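Visitor: Provided herewith: run35.txt, compact mmCIF, N, CA and C atoms.
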# COMPACT_ATOMS: atom_id res chain seq x y z
N MET G 1 0.84 -1.18 0.00
CA MET G 1 0.00 0.00 0.00
C MET G 1 0.88 1.24 0.00
N HIS G 2 1.16 1.71 -1.17
CA HIS G 2 2.06 2.86 -1.31
C HIS G 2 1.38 4.14 -0.85
N GLY G 3 2.05 4.87 0.00
CA GLY G 3 1.56 6.17 0.43
C GLY G 3 0.51 6.13 1.53
N VAL G 4 0.13 4.97 1.99
CA VAL G 4 -0.87 4.86 3.05
C VAL G 4 -0.16 4.34 4.30
N THR G 5 -0.25 5.09 5.38
CA THR G 5 0.42 4.67 6.61
C THR G 5 -0.36 3.55 7.28
N LEU G 6 0.34 2.80 8.10
CA LEU G 6 -0.30 1.74 8.86
C LEU G 6 -1.39 2.32 9.77
N GLU G 7 -1.12 3.48 10.33
CA GLU G 7 -2.11 4.14 11.19
C GLU G 7 -3.38 4.48 10.40
N ALA G 8 -3.20 4.97 9.18
CA ALA G 8 -4.37 5.30 8.34
C ALA G 8 -5.16 4.04 8.00
N MET G 9 -4.46 2.93 7.75
CA MET G 9 -5.14 1.66 7.46
C MET G 9 -5.96 1.20 8.65
N VAL G 10 -5.34 1.17 9.83
CA VAL G 10 -6.05 0.71 11.03
C VAL G 10 -7.24 1.61 11.31
N THR G 11 -7.05 2.91 11.20
CA THR G 11 -8.14 3.86 11.46
C THR G 11 -9.30 3.64 10.48
N ALA G 12 -8.98 3.44 9.21
CA ALA G 12 -10.04 3.21 8.21
C ALA G 12 -10.75 1.89 8.46
N LEU G 13 -10.00 0.85 8.82
CA LEU G 13 -10.61 -0.45 9.10
C LEU G 13 -11.53 -0.39 10.31
N VAL G 14 -11.11 0.33 11.35
CA VAL G 14 -11.95 0.48 12.54
C VAL G 14 -13.21 1.27 12.19
N ALA G 15 -13.07 2.30 11.37
CA ALA G 15 -14.24 3.09 10.97
C ALA G 15 -15.22 2.23 10.17
N HIS G 16 -14.69 1.32 9.36
CA HIS G 16 -15.54 0.49 8.51
C HIS G 16 -16.15 -0.71 9.26
N TYR G 17 -15.32 -1.44 9.99
CA TYR G 17 -15.76 -2.68 10.65
C TYR G 17 -16.09 -2.50 12.13
N GLY G 18 -15.54 -1.48 12.78
CA GLY G 18 -15.61 -1.37 14.22
C GLY G 18 -14.60 -2.33 14.83
N TRP G 19 -14.24 -2.13 16.10
CA TRP G 19 -13.27 -3.03 16.73
C TRP G 19 -13.75 -4.48 16.76
N PRO G 20 -15.03 -4.73 17.12
CA PRO G 20 -15.48 -6.14 17.14
C PRO G 20 -15.38 -6.80 15.76
N GLY G 21 -15.79 -6.10 14.72
CA GLY G 21 -15.72 -6.64 13.37
C GLY G 21 -14.29 -6.84 12.91
N LEU G 22 -13.42 -5.91 13.25
CA LEU G 22 -12.01 -6.05 12.89
C LEU G 22 -11.39 -7.24 13.61
N GLY G 23 -11.78 -7.43 14.88
CA GLY G 23 -11.30 -8.59 15.63
C GLY G 23 -11.77 -9.91 15.06
N GLU G 24 -12.95 -9.91 14.42
CA GLU G 24 -13.43 -11.12 13.75
C GLU G 24 -12.67 -11.37 12.45
N GLN G 25 -12.40 -10.30 11.71
CA GLN G 25 -11.70 -10.41 10.43
C GLN G 25 -10.23 -10.81 10.62
N VAL G 26 -9.59 -10.19 11.61
CA VAL G 26 -8.18 -10.48 11.92
C VAL G 26 -8.12 -10.76 13.42
N PRO G 27 -8.30 -12.03 13.81
CA PRO G 27 -8.41 -12.36 15.23
C PRO G 27 -7.07 -12.31 15.97
N ILE G 28 -6.66 -11.11 16.29
CA ILE G 28 -5.46 -10.93 17.10
C ILE G 28 -5.83 -10.11 18.33
N ARG G 29 -5.13 -10.35 19.40
CA ARG G 29 -5.46 -9.79 20.70
C ARG G 29 -5.56 -8.26 20.70
N CYS G 30 -4.70 -7.60 19.96
CA CYS G 30 -4.72 -6.13 19.99
C CYS G 30 -6.01 -5.56 19.40
N PHE G 31 -6.79 -6.38 18.70
CA PHE G 31 -8.08 -5.94 18.17
C PHE G 31 -9.25 -6.42 19.02
N THR G 32 -9.02 -7.41 19.88
CA THR G 32 -10.14 -8.00 20.62
C THR G 32 -10.14 -7.70 22.12
N HIS G 33 -9.02 -7.34 22.70
CA HIS G 33 -8.93 -7.08 24.14
C HIS G 33 -8.39 -5.68 24.39
N GLU G 34 -9.28 -4.81 24.86
CA GLU G 34 -8.95 -3.41 25.11
C GLU G 34 -8.23 -2.77 23.92
N PRO G 35 -8.87 -2.78 22.76
CA PRO G 35 -8.20 -2.29 21.55
C PRO G 35 -8.02 -0.77 21.54
N SER G 36 -6.94 -0.37 20.94
CA SER G 36 -6.69 1.05 20.65
C SER G 36 -5.79 1.11 19.43
N VAL G 37 -5.82 2.23 18.76
CA VAL G 37 -4.97 2.39 17.58
C VAL G 37 -3.51 2.30 18.00
N ALA G 38 -3.15 2.95 19.10
CA ALA G 38 -1.75 2.97 19.55
C ALA G 38 -1.23 1.57 19.85
N SER G 39 -2.00 0.77 20.61
CA SER G 39 -1.54 -0.57 20.95
C SER G 39 -1.49 -1.46 19.71
N SER G 40 -2.43 -1.27 18.81
CA SER G 40 -2.45 -2.05 17.57
C SER G 40 -1.22 -1.74 16.72
N LEU G 41 -0.90 -0.46 16.60
CA LEU G 41 0.26 -0.07 15.80
C LEU G 41 1.54 -0.64 16.38
N LYS G 42 1.66 -0.60 17.69
CA LYS G 42 2.86 -1.13 18.35
C LYS G 42 3.04 -2.61 18.02
N PHE G 43 1.94 -3.38 18.10
CA PHE G 43 2.00 -4.81 17.79
C PHE G 43 2.27 -5.05 16.31
N LEU G 44 1.53 -4.36 15.45
CA LEU G 44 1.64 -4.60 14.01
C LEU G 44 3.01 -4.23 13.45
N ARG G 45 3.63 -3.22 14.03
CA ARG G 45 4.96 -2.81 13.53
C ARG G 45 6.04 -3.84 13.81
N LYS G 46 5.83 -4.67 14.83
CA LYS G 46 6.86 -5.68 15.12
C LYS G 46 6.41 -7.10 14.78
N THR G 47 5.26 -7.23 14.11
CA THR G 47 4.74 -8.55 13.78
C THR G 47 4.36 -8.58 12.30
N PRO G 48 5.31 -8.96 11.44
CA PRO G 48 5.07 -8.89 9.99
C PRO G 48 3.86 -9.67 9.50
N TRP G 49 3.60 -10.87 10.03
CA TRP G 49 2.46 -11.66 9.54
C TRP G 49 1.14 -10.96 9.85
N ALA G 50 1.05 -10.32 11.01
CA ALA G 50 -0.19 -9.62 11.37
C ALA G 50 -0.36 -8.36 10.51
N ARG G 51 0.74 -7.66 10.26
CA ARG G 51 0.68 -6.47 9.41
C ARG G 51 0.23 -6.85 8.00
N GLU G 52 0.71 -7.98 7.50
CA GLU G 52 0.29 -8.44 6.17
C GLU G 52 -1.21 -8.71 6.13
N LYS G 53 -1.74 -9.29 7.19
CA LYS G 53 -3.19 -9.56 7.24
C LYS G 53 -3.98 -8.25 7.23
N VAL G 54 -3.51 -7.26 7.97
CA VAL G 54 -4.19 -5.96 8.03
C VAL G 54 -4.12 -5.28 6.66
N GLU G 55 -2.95 -5.32 6.03
CA GLU G 55 -2.81 -4.71 4.71
C GLU G 55 -3.71 -5.40 3.68
N SER G 56 -3.81 -6.70 3.78
CA SER G 56 -4.66 -7.45 2.87
C SER G 56 -6.13 -7.10 3.08
N LEU G 57 -6.56 -7.03 4.33
CA LEU G 57 -7.94 -6.68 4.63
C LEU G 57 -8.24 -5.25 4.18
N TYR G 58 -7.29 -4.35 4.34
CA TYR G 58 -7.47 -2.97 3.88
C TYR G 58 -7.69 -2.94 2.36
N GLY G 59 -6.87 -3.68 1.62
CA GLY G 59 -7.04 -3.75 0.17
C GLY G 59 -8.38 -4.32 -0.21
N PHE G 60 -8.83 -5.37 0.50
CA PHE G 60 -10.13 -5.97 0.24
C PHE G 60 -11.24 -4.95 0.51
N MET G 61 -11.13 -4.22 1.62
CA MET G 61 -12.14 -3.22 1.97
C MET G 61 -12.24 -2.16 0.87
N LEU G 62 -11.09 -1.69 0.37
CA LEU G 62 -11.11 -0.68 -0.69
C LEU G 62 -11.76 -1.21 -1.96
N ARG G 63 -11.44 -2.45 -2.32
CA ARG G 63 -12.04 -3.05 -3.52
C ARG G 63 -13.55 -3.17 -3.36
N GLU G 64 -13.99 -3.59 -2.20
CA GLU G 64 -15.44 -3.72 -1.93
C GLU G 64 -16.13 -2.36 -1.99
N GLN G 65 -15.49 -1.36 -1.43
CA GLN G 65 -16.08 -0.02 -1.45
C GLN G 65 -16.21 0.49 -2.88
N ARG G 66 -15.18 0.25 -3.70
CA ARG G 66 -15.25 0.68 -5.10
C ARG G 66 -16.33 -0.09 -5.85
N ARG G 67 -16.44 -1.38 -5.55
CA ARG G 67 -17.43 -2.21 -6.23
C ARG G 67 -18.85 -1.78 -5.93
N HIS G 68 -19.07 -1.31 -4.71
CA HIS G 68 -20.42 -0.93 -4.30
C HIS G 68 -20.69 0.56 -4.44
N ALA G 69 -19.71 1.31 -4.93
CA ALA G 69 -19.91 2.76 -5.09
C ALA G 69 -20.89 3.01 -6.22
N PRO G 70 -21.75 4.01 -6.08
CA PRO G 70 -22.69 4.33 -7.16
C PRO G 70 -21.92 4.80 -8.39
N ARG G 71 -22.36 4.36 -9.52
CA ARG G 71 -21.73 4.74 -10.77
C ARG G 71 -22.46 5.95 -11.35
N PRO G 72 -21.69 6.87 -11.94
CA PRO G 72 -22.36 8.03 -12.54
C PRO G 72 -23.19 7.60 -13.74
N PRO G 73 -24.30 8.25 -13.98
CA PRO G 73 -25.16 7.87 -15.11
C PRO G 73 -24.44 8.08 -16.44
N THR G 74 -24.69 7.18 -17.34
CA THR G 74 -24.11 7.31 -18.68
C THR G 74 -25.21 7.68 -19.67
N GLY G 75 -24.84 8.36 -20.70
CA GLY G 75 -25.81 8.64 -21.73
C GLY G 75 -26.05 10.05 -21.86
Since I need it in another form, could you write the structure as structure tokens?

Guide:
Amino acid sequence: MHGVTLEAMVTALVAHYGWPGLGEQVPIRCFTHEPSVASSLKFLRKTPWAREKVESLYGFMLREQRRHAPRPPTG
């Protein structure tokens, strides 16, 4: 994800799924037990496999949002 910070990804995912939904999508403790952006970032920055899952979910969320976005009328 070029140009998108990890903090921006986590913030967008929380806004979209909420902490409970994010914890279901990526079941890691920093999302399910007393979650915060700061604690999540601390964990994700030192845990490559978890960061990859978050980046993947962020990409999926963006694709879904584009797919469901209203299209401008043609004609």

Visitor: Which residue out of G:Glu7, G:Glu34, G:Ala12, G:Lys42 has the minimum interatomic distance to Gln65 of chain G when only C-alpha atoms are used?

Guide: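 Going through G:Glu7, G:Glu34, G:Ala12, G:Lys42 one by one, the smallest distance to Gln65 of chain G is for G:Ala12.
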
Visitor: Could you check the closest approach to Phe43 of chain G for each of G:Val4, G:Gly21, G:Met61, G:Val10 and tell me which residue wins, using only C-alpha atoms?

Guide: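 The closest residue to Phe43 of chain G is G:Val10.
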
Visitor: Work out how far atom CA of Glu24 of chain G is from atom C of His68 of chain G, in Å to one decimal.

Guide: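 Separation between atom C of His68 of chain G and atom CA of Glu24 of chain G: 22.8 Å.
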
Visitor: Nearest residue to Leu41 of chain G out of G:Phe60, G:Val54, G:Arg67, G:Leu6, using only C-alpha atoms?

Guide: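 The shortest atom-to-atom distance to Leu41 of chain G comes from G:Leu6.
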
Visitor: Calculate how many Å separate atom CA of Arg66 of chain G from atom N of Met9 of chain G, rounding to one decimal.

Guide: 16.9 Å

Visitor: To one decimal place in Å, what is the distance between atom C of Phe31 of chain G and atom CA of Trp19 of chain G?

Guide: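 For atom C of Phe31 of chain G relative to atom CA of Trp19 of chain G, the distance reads 5.7 Å.
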
Visitor: Restricting the calculation to only C-alpha atoms: of G:Leu62, G:Ala50, G:Ala8, G:Leu13, which residue gets closest to Ile28 of chain G?

Guide: G:Ala50
